[in-house]
Amino acid sequence: MIQQRSSTTTSSTVPNTEPPKKRRNQPGTPNPDAEVIALSPKTLMATNRFICEVCNKGFQREQNLQLHRRGHNLPWKLKQKTTKEVRRKVYLCPEPTCVHHDPSRALGDLTGIKKHYSRKHGEKKWKCEKCSKRYAVQSDWKAHSKTCGTREYRCDCGTLFSR
């Protein structure tokens, strides 16, 4: 017995009023008008780039240093967001042999270039306790640790497979 499907097409009469979404550039293909910034490996990997001149306490962000300066009764000023168009910044990898050392392949944000530099050129400080795999970026290690050992498939012969 053969069943026939009735294909009824419904067309919506409501026009699409949303403007098209602005697509992001692919990693390593920056906006040609962007300001290219090259940081040294030491500056790139520094955890405390902003230091208090009174107590030598370090901060990752300038805003946090400014808030800290209030405690010393020093002059402080928080940066305000500007309404004028801010020129985009792209960051070069400090490793000369890397593809992202070329300005045309620069990465678009500071966190991205830090993680790239750590992953590709840095020391792998974090180690999985279960499988001994090592990671240079803590967030990669944490993500791996959550799933490590949970995706094992055991064959009837006793062999373990990861997929």
# chains A, B, ... in the order shown; residues from 1 in each chain; ligands from 1
call {"tool": "residues_around", "arguments": {"residues": "segment 88-100 of chain A", "least_positions_apart": "6", "cutoff": "8 Å", "atoms": "only C-alpha atoms", "output": "count of residues only"}}
result
20
call {"tool": "select_by_dssp", "arguments": {"residues": "segment 99-142 of chain A", "states": "strand (DSSP E)", "output": "PyMOL selection string"}}
result
chain A and resi 126-127+134-135
call {"tool": "write_last_selection", "arguments": {"atoms": "C-alpha atoms", "output": "compact mmCIF listing (two decimals), in the first residue's frame"}}
result
# COMPACT_ATOMS: atom_id res chain seq x y z
CA TRP A 126 48.55 22.35 33.35
CA LYS A 127 48.42 18.56 33.28
CA ARG A 134 49.33 18.85 29.10
CA TYR A 135 47.82 22.28 28.34
call {"tool": "residues_around", "arguments": {"residues": "Phe59 of chain A", "least_positions_apart": "3", "cutoff": "8 Å", "atoms": "only C-alpha atoms", "output": "MDAnalysis selection string"}}
result
chainID A and resid 47:51 62 64:65
call {"tool": "atom_distance", "arguments": {"atom1": "atom CA of Cys55 of chain A", "atom2": "atom CA of Gln138 of chain A"}}
result
28.7 Å
call {"tool": "atom_distance", "arguments": {"atom1": "atom CA of Leu67 of chain A", "atom2": "atom CA of Gln80 of chain A"}}
result
13.6 Å
call {"tool": "closest_residue", "arguments": {"among": "A:Asn73, A:Ser145, A:Gln63, A:Ser104", "to": "Pro32 of chain A", "atoms": "only C-alpha atoms"}}
result
A:Ser104
call {"tool": "closest_residue", "arguments": {"among": "A:Leu74, A:Ala143, A:Cys157, A:Cys131", "to": "Cys52 of chain A", "atoms": "only C-alpha atoms"}}
result
A:Leu74
